[in-house]
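J.: Here it is: the structure, laid out below.
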Amino acid sequence: MSGKGHSGGRSDAHPRSRAPSPAGSLVWAVPLLVALVAGGWGISRAQPWRDELATWSAATRPVGDLFRLTGNVDATTGAYYLVVHGWTGVFGDSVAALRSPSVLAMAGTAGLTAVLGRRLFGAPAGLLAGLLFAVLPGTSRYAQEARPYALVTLLAVLATVLLVGALDRPGRLRWAGYAAAVAGLGLAHLLALSLLAGHAVAVLTFAAWDPPTTGATRPPITGATHPAAADRPPGAGEPGDGRWWGRRLRGWVPAVSVAVVVLVPLLVTAQRQRSHQLDWVAPARLADLAALPGALAQSGVVGGVLVGLAALGAARSGRRALLPGLCVLLPVLLVFVAALAVPLWVPRYLFFTVPFACLLAGAALAGPAPPAARELTRRAWPRPARALARPVGAGLAVVALAALLGLPDQAAVRHSHGWPRSATVDYRGAAAVIAAGQRPGDAVLYEPRDGWLFLDLGIDYHLPRIAGDRAADGPRPRDVLVAQGRRDRADLWVRECDRPAGCLAGVDRVWLVVAGRHDDPLATVPGGKGDALRAGFTVEQVHPRPGVTVALLARRR
């Protein structure tokens with residue numbers, strides 16, 4: 001190619017050298033803002049549920065204690081706990097503060113979904129995909145949860161955006177960025193590494209799915225010329241030959257290998273903790289697959305709409321649908337097959353696949369873009385509004401319909417974060433009962449103490465935060481049966497004393513907090529603890545609350 005021809009080609013072919021169009025930023029900015037508003041709306045309304053209480057307990061410990069904790073439990077969530085530790089050190093540990101990192105991560109996910117959609121299917125599809133993701137009840141649900149699922153979803157989409165960029169224009173920095181994103185994804189949640197199955201198949205079939213570029217050398221979807229052709233050095237080969245394909249494979253394999261090496265210590269620790277961490281999970285059933293869309297969308301109706309649109313988008317888009325389709329199907333199938341033998345099937349663990357389903361849905365909603373719209377998108381959007389208006393209008397109506405259909409579920413996720421919702425535990429209500437009636441010298445006991453309900457953490461969190469801070473007017477009830485605390489044990493649970501009657505000596509009043517609603521809560525306490533309470537105390541008051549009962553016990557005279 002002559003210097004003149006090459007220079008002319010690059011002048012026309014690379015609008016990325018131009019100043020970015022402010023209107024072009026709307027593709028990702030609008031979904032980001034919508035997700036930010038949706039995630040922030042009513043952020044403190046639902047009280048923290050048991051998993052969020054575990055986050056609070058872990059993230060508010062000193063860093064050394066946090067690392068000791070993850071050596072015993074929750075290793076797969078340790079990196080997220082460290083993020084929240086830094087965040088709460090600056091912004092405090094209120095409900096809103098604990099959940100804000102998830103809101104920001106989910107908003108970033110909506111923006112990145114739009115960016116990836118623009119690269120794969122064009123600007124209208126990207127905008128619609130990002131908006132659809134932003135209005136899902138499931139997006140709000142996990143945006144308002146102090147758990148790692150929003151961060152995992154952000155890293156899954158970021159890793160895929162970086163993969164497309166590295167395959168389009170390979171380079172060491174691009175592959176290094178991809179490796180870092182994959183390592184971060186694994187640190188946030190190991191099961192999310194199942195996304196790599198989709199990436200692997202996409203890389204191995206790269207010549208077939210023909211990823212797009214922002215440069216004007218992008219061919220039509222069915223074109224034979226690859227978009228990276230203009231930047232290919234001499235001798236790099238043509239798309240489809242061994243040198244060209246091998247260059248990308250030689251970049252992807254080391255990048256993933258580096259990420260896996262980084263994650264080996266976590267993999268070893270998590271394997272050791274698996275039986276304890278997931279002892280509550282039932283084996284997967286075929287019915288779980290059918291229920292998955294509704295569980296992820298937090299709405300059966302909206303989940304069904306999303307699946308239908310995604311299927312339509314996959315059928316319309318042909319090979320362009322390969323990457324997002326693989327990123328939905330392969331993680332779900334791999335986790336499901338593994339969960340038939342090992343207890344792994346928890347729908348929220350697969351929420352990171354939802355943006356990729358939204359990408360396919362966005363392609364369906366945008367429809368085939370007219371040639372003029374493709375040309376304007378290809379040239380960095382000098383007049384994006386006109387290019388978007390025709391394909392986006394009808395799609396926006398469908399997104400608005402999905403948002404309306406999800407409104408009842410949006411309200412529900414802001415009422416309770418408990419899982420299932422019918423099993424809500426009113427920690428705040430129980431703490432309010434104690435705060436209203438406590439006296440100096442009171443004690444507090446919990447049953448059960450060794451499960452995942454974390455009744456003690458719920459009272460510890462809410463008691464100082466009761467309206468008017470009545471709990472701060474005097475000493476809080478003492479947890480008299482604690483022989484070794486959580487930090488000393490490097491655990492989420494305490495160790496209770498072996499002789500409850502001796503530990504209760506000198507205590508005249510006990511607040512007993514038991515799981516469930518009971519007319520006679522004292523009768524539900526088993527073992528030596530129950531014997532000591534029944535022998536030395538009588539029930540004076542019983543206060544049932546959703547999922548929990550608080551009883552005031554007085555010493556027998």
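Lettering and numbering for the structure tokens are positional, with chains as A, B, ... in the shown order, residues counted from 1 in each chain, and ligands counted from 1 in the shown order.
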Mind checking which residues fall within 10 Å of Asp519 (chain A), counting only C-alpha atoms, ignoring those fewer than 2 positions away in the same chain, and posting them as a PyMOL selection string?
T.: chain A and resi 517+521-524+542-544+549+551
J.: Out of region 475-527 of chain A, which residues get strand (DSSP E or B) from DSSP, as a list in words?
T.: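 The residues of region 475-527 of chain A classed as strand (DSSP E or B) are Arg478, Val482, Ala483, Gln484, Arg495, Glu496, Arg509, Val510, Trp511, Leu512, Val513, Val514 and Ala515 of chain A.
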J.: With a distance cut-off of 12 Å and only C-alpha atoms, select the neighbouring residues of Leu286 (chain A), excluding the residue or stretch itself and same-chain residues fewer than 2 positions from it, and output the selection as a PyMOL selection string.
T.: chain A and resi 283-284+288-292+333+336-337+339-340+345
J.: Create the file for the chosen residues now, containing C-alpha atoms and written as an mmCIF file, in the first residue's frame.
T.:
data_model
loop_
_atom_site.group_PDB
_atom_site.id
_atom_site.type_symbol
_atom_site.label_atom_id
_atom_site.label_comp_id
_atom_site.auth_asym_id
_atom_site.auth_seq_id
_atom_site.Cartn_x
_atom_site.Cartn_y
_atom_site.Cartn_z
ATOM 1 C CA PRO A 283 -28.718 -30.070 44.692
ATOM 2 C CA ALA A 284 -29.850 -28.536 41.401
ATOM 3 C CA ASP A 288 -34.309 -24.652 38.673
ATOM 4 C CA LEU A 289 -33.295 -23.885 35.091
ATOM 5 C CA ALA A 290 -36.849 -22.903 34.187
ATOM 6 C CA ALA A 291 -37.083 -20.692 37.262
ATOM 7 C CA LEU A 292 -33.726 -18.988 36.675
ATOM 8 C CA LEU A 333 -24.969 -24.779 31.906
ATOM 9 C CA PHE A 336 -25.959 -26.318 36.600
ATOM 10 C CA VAL A 337 -24.120 -29.504 35.597
ATOM 11 C CA ALA A 339 -24.506 -28.374 40.850
ATOM 12 C CA LEU A 340 -26.044 -31.748 40.075
ATOM 13 C CA TRP A 345 -26.883 -23.741 42.550
#
J.: Counting only C-alpha atoms, what are the residues of region 273-339 of chain A within 12 Å of region 54-72 of chain A, and for each of them which pair of atoms is the nearest and at what distance in Å, to one decimal? Sort the table by chain and rising number, as a tab-separated table.
T.:
residue	atom	partner	partner_atom	distance
A:Gln273	CA	A:Asn72	CA	7.1
A:Arg274	CA	A:Asn72	CA	10.7
A:His276	CA	A:Asn72	CA	9.9
A:Gln277	CA	A:Asn72	CA	10.1
J.: Include C-alpha atoms and write out the residues we just selected as a CSV table (one decimal), in the first residue's frame.
T.:
chain,number,residue,atom,x,y,z
A,273,GLN,CA,-14.1,-24.0,53.0
A,274,ARG,CA,-16.7,-25.3,50.5
A,276,HIS,CA,-19.1,-25.5,55.4
A,277,GLN,CA,-20.0,-22.5,53.2
J.: Which residues come within 12 Å of Gly528 (chain A), counting only C-alpha atoms, excluding same-chain residues fewer than 3 positions away, as a PyMOL selection string?
T.: chain A and resi 481+496-504+525+531-535
J.: Excluding Ser94 (chain A) and residues on its chain fewer than 3 positions from it, collect all residues at most 12 Å away from it, counting only C-alpha atoms, and give them as a list of chain:residue names.
T.: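 Selected residues are A:Ile43, A:Ser44, A:Arg45, A:Gln47, A:Pro48, A:Glu52, A:Leu53, A:Trp56, A:Thr60, A:Val84, A:Trp87, A:Thr88, A:Gly89, A:Val90, A:Phe91, A:Ala97, A:Leu98, A:Arg99, A:Ser100, A:Ala146, A:Tyr461, A:His462, A:Pro464, A:Arg465.
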J.: Can you write out the residues you just picked, keeping N, CA, C and O atoms, as an mmCIF file, in the first residue's frame?
T.:
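Writing the result to selection.cif gives the following:
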data_model
loop_
_atom_site.group_PDB
_atom_site.id
_atom_site.type_symbol
_atom_site.label_atom_id
_atom_site.label_comp_id
_atom_site.auth_asym_id
_atom_site.auth_seq_id
_atom_site.Cartn_x
_atom_site.Cartn_y
_atom_site.Cartn_z
ATOM 1 N N ILE A 43 -32.858 3.267 48.984
ATOM 2 C CA ILE A 43 -31.715 2.397 49.255
ATOM 3 C C ILE A 43 -31.696 1.894 50.697
ATOM 4 O O ILE A 43 -31.192 0.802 50.977
ATOM 5 N N SER A 44 -32.251 2.667 51.619
ATOM 6 C CA SER A 44 -32.216 2.270 53.031
ATOM 7 C C SER A 44 -33.528 1.670 53.516
ATOM 8 O O SER A 44 -33.662 1.363 54.704
ATOM 9 N N ARG A 45 -34.500 1.537 52.610
ATOM 10 C CA ARG A 45 -35.834 1.126 53.047
ATOM 11 C C ARG A 45 -35.848 -0.304 53.579
ATOM 12 O O ARG A 45 -36.401 -0.586 54.629
ATOM 13 N N GLN A 47 -34.285 -3.341 55.443
ATOM 14 C CA GLN A 47 -33.199 -3.487 56.408
ATOM 15 C C GLN A 47 -32.206 -4.544 55.936
ATOM 16 O O GLN A 47 -32.547 -5.432 55.158
ATOM 17 N N PRO A 48 -30.950 -4.446 56.356
ATOM 18 C CA PRO A 48 -29.957 -5.446 55.948
ATOM 19 C C PRO A 48 -30.397 -6.847 56.353
ATOM 20 O O PRO A 48 -30.874 -7.070 57.462
ATOM 21 N N GLU A 52 -25.950 -9.448 54.383
ATOM 22 C CA GLU A 52 -25.401 -8.096 54.527
ATOM 23 C C GLU A 52 -24.855 -7.874 55.932
ATOM 24 O O GLU A 52 -23.885 -7.134 56.118
ATOM 25 N N LEU A 53 -25.475 -8.490 56.921
ATOM 26 C CA LEU A 53 -24.940 -8.399 58.276
ATOM 27 C C LEU A 53 -23.569 -9.064 58.366
ATOM 28 O O LEU A 53 -22.674 -8.588 59.083
ATOM 29 N N TRP A 56 -21.168 -6.552 57.039
ATOM 30 C CA TRP A 56 -20.888 -5.523 58.041
ATOM 31 C C TRP A 56 -19.908 -6.040 59.098
ATOM 32 O O TRP A 56 -18.942 -5.355 59.448
ATOM 33 N N THR A 60 -15.996 -4.290 58.924
ATOM 34 C CA THR A 60 -15.689 -3.314 59.965
ATOM 35 C C THR A 60 -14.606 -3.798 60.921
ATOM 36 O O THR A 60 -14.331 -3.140 61.926
ATOM 37 N N VAL A 84 -15.208 -2.934 50.854
ATOM 38 C CA VAL A 84 -16.186 -2.307 51.740
ATOM 39 C C VAL A 84 -15.500 -1.785 53.009
ATOM 40 O O VAL A 84 -15.910 -0.752 53.559
ATOM 41 N N TRP A 87 -14.250 1.527 52.070
ATOM 42 C CA TRP A 87 -15.376 2.443 51.843
ATOM 43 C C TRP A 87 -15.985 2.905 53.172
ATOM 44 O O TRP A 87 -16.225 4.099 53.380
ATOM 45 N N THR A 88 -16.251 1.959 54.077
ATOM 46 C CA THR A 88 -16.879 2.326 55.341
ATOM 47 C C THR A 88 -15.934 3.121 56.234
ATOM 48 O O THR A 88 -16.394 3.896 57.083
ATOM 49 N N GLY A 89 -14.630 2.957 56.032
ATOM 50 C CA GLY A 89 -13.685 3.771 56.780
ATOM 51 C C GLY A 89 -13.821 5.246 56.454
ATOM 52 O O GLY A 89 -13.506 6.107 57.277
ATOM 53 N N VAL A 90 -14.314 5.539 55.261
ATOM 54 C CA VAL A 90 -14.500 6.935 54.834
ATOM 55 C C VAL A 90 -15.940 7.391 55.042
ATOM 56 O O VAL A 90 -16.190 8.503 55.535
ATOM 57 N N PHE A 91 -16.902 6.540 54.683
ATOM 58 C CA PHE A 91 -18.305 6.955 54.634
ATOM 59 C C PHE A 91 -19.171 6.389 55.748
ATOM 60 O O PHE A 91 -20.364 6.682 55.804
ATOM 61 N N ALA A 97 -24.550 3.656 53.270
ATOM 62 C CA ALA A 97 -23.108 3.597 53.022
ATOM 63 C C ALA A 97 -22.668 2.182 52.662
ATOM 64 O O ALA A 97 -21.851 1.988 51.756
ATOM 65 N N LEU A 98 -23.201 1.184 53.359
ATOM 66 C CA LEU A 98 -22.828 -0.202 53.061
ATOM 67 C C LEU A 98 -23.225 -0.597 51.648
ATOM 68 O O LEU A 98 -22.516 -1.362 50.976
ATOM 69 N N ARG A 99 -24.360 -0.077 51.170
ATOM 70 C CA ARG A 99 -24.877 -0.487 49.868
ATOM 71 C C ARG A 99 -24.401 0.385 48.713
ATOM 72 O O ARG A 99 -24.529 -0.015 47.552
ATOM 73 N N SER A 100 -23.856 1.535 49.006
ATOM 74 C CA SER A 100 -23.487 2.464 47.924
ATOM 75 C C SER A 100 -22.467 1.893 46.942
ATOM 76 O O SER A 100 -22.575 2.140 45.730
ATOM 77 N N ALA A 146 -25.466 -5.125 50.068
ATOM 78 C CA ALA A 146 -24.057 -5.039 50.443
ATOM 79 C C ALA A 146 -23.413 -6.420 50.331
ATOM 80 O O ALA A 146 -22.966 -7.022 51.317
ATOM 81 N N TYR A 461 -26.090 -4.680 65.176
ATOM 82 C CA TYR A 461 -26.097 -3.607 64.183
ATOM 83 C C TYR A 461 -27.164 -2.561 64.494
ATOM 84 O O TYR A 461 -26.905 -1.355 64.448
ATOM 85 N N HIS A 462 -28.380 -3.019 64.791
ATOM 86 C CA HIS A 462 -29.506 -2.086 64.883
ATOM 87 C C HIS A 462 -29.661 -1.420 66.242
ATOM 88 O O HIS A 462 -30.195 -0.305 66.313
ATOM 89 N N PRO A 464 -27.752 0.197 68.415
ATOM 90 C CA PRO A 464 -27.294 1.583 68.584
ATOM 91 C C PRO A 464 -27.935 2.568 67.602
ATOM 92 O O PRO A 464 -27.723 3.774 67.720
ATOM 93 N N ARG A 465 -28.677 2.060 66.623
ATOM 94 C CA ARG A 465 -29.214 2.920 65.574
ATOM 95 C C ARG A 465 -30.728 3.137 65.699
ATOM 96 O O ARG A 465 -31.348 3.680 64.794
#
J.: Could you work out how far CA of Gly318 (chain A) lies from CA of Leu296 (chain A), giving the answer in Å with one decimal?
T.: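 Computing the Euclidean distance for CA of Leu296 (chain A) and CA of Gly318 (chain A) yields 25.3 Å.
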J.: Could you check the closest approach to Leu163 (chain A) for each of A:Val302, A:Ala35, A:Leu309, A:Leu323 and tell me which residue wins, using only C-alpha atoms?
T.: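 With only C-alpha atoms as the atom set, the closest residue is A:Leu323.
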J.: Would you mind listing what lies within 7 Å of Leu32 (chain A) as a count of residues only, with only C-alpha atoms counted and same-chain residues fewer than 3 positions away left out?
T.: 8
J.: Using only C-alpha atoms, which of the listed residues (A:Gly485, A:Gly186, A:Pro408, A:Gly42) sits closest to Ala156 (chain A)?
T.: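 Counting only C-alpha atoms, the residue closest to Ala156 (chain A) is A:Gly186.
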J.: Can you list, as a ChimeraX atom specification, every residue of region 429-496 of chain A that DSSP puts in alpha helix (DSSP H)?
T.: /A:429-437,455-462,486-489
J.: Go ahead and save the residues from that selection, with C-alpha atoms, as an mmCIF file, in the first residue's frame.
T.:
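again32.cif written:
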data_model
loop_
_atom_site.group_PDB
_atom_site.id
_atom_site.type_symbol
_atom_site.label_atom_id
_atom_site.label_comp_id
_atom_site.auth_asym_id
_atom_site.auth_seq_id
_atom_site.Cartn_x
_atom_site.Cartn_y
_atom_site.Cartn_z
ATOM 1 C CA GLY A 429 -37.998 -4.586 65.164
ATOM 2 C CA ALA A 430 -36.390 -6.974 67.611
ATOM 3 C CA ALA A 431 -33.718 -4.423 68.481
ATOM 4 C CA ALA A 432 -36.406 -1.775 68.995
ATOM 5 C CA VAL A 433 -38.145 -4.009 71.565
ATOM 6 C CA ILE A 434 -34.912 -4.391 73.523
ATOM 7 C CA ALA A 435 -34.029 -0.698 73.270
ATOM 8 C CA ALA A 436 -37.457 0.311 74.603
ATOM 9 C CA GLY A 437 -37.286 -1.906 77.690
ATOM 10 C CA LEU A 455 -29.565 -12.932 65.111
ATOM 11 C CA ASP A 456 -26.749 -11.551 67.262
ATOM 12 C CA LEU A 457 -25.293 -9.522 64.399
ATOM 13 C CA GLY A 458 -28.726 -8.088 63.619
ATOM 14 C CA ILE A 459 -29.195 -6.868 67.195
ATOM 15 C CA ASP A 460 -25.602 -5.596 67.379
ATOM 16 C CA TYR A 461 -26.097 -3.607 64.183
ATOM 17 C CA HIS A 462 -29.506 -2.086 64.883
ATOM 18 C CA ARG A 486 -15.889 -13.380 66.663
ATOM 19 C CA ARG A 487 -12.660 -11.470 66.224
ATOM 20 C CA ASP A 488 -10.766 -13.681 68.640
ATOM 21 C CA ARG A 489 -12.053 -16.756 66.793
#
J.: Quote the spacing between CA of His417 (chain A) and CA of Leu127 (chain A) in Å to one decimal place.
T.: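 Computing the Euclidean distance for CA of His417 (chain A) and CA of Leu127 (chain A) yields 29.2 Å.
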J.: Just the number, please: distance in Å from CA of Ala200 (chain A) to CA of Leu350 (chain A), one decimal.
T.: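 Taking CA of Ala200 (chain A) as the start and CA of Leu350 (chain A) as the end point, the length is 18.2 Å.
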J.: Can you tell me which residues surround Val425 (chain A) at a distance of at most 8 Å, considering only C-alpha atoms, apart from same-chain residues fewer than 6 positions away, and format the answer as a ChimeraX atom specification?
T.: /A:49,418,545-548
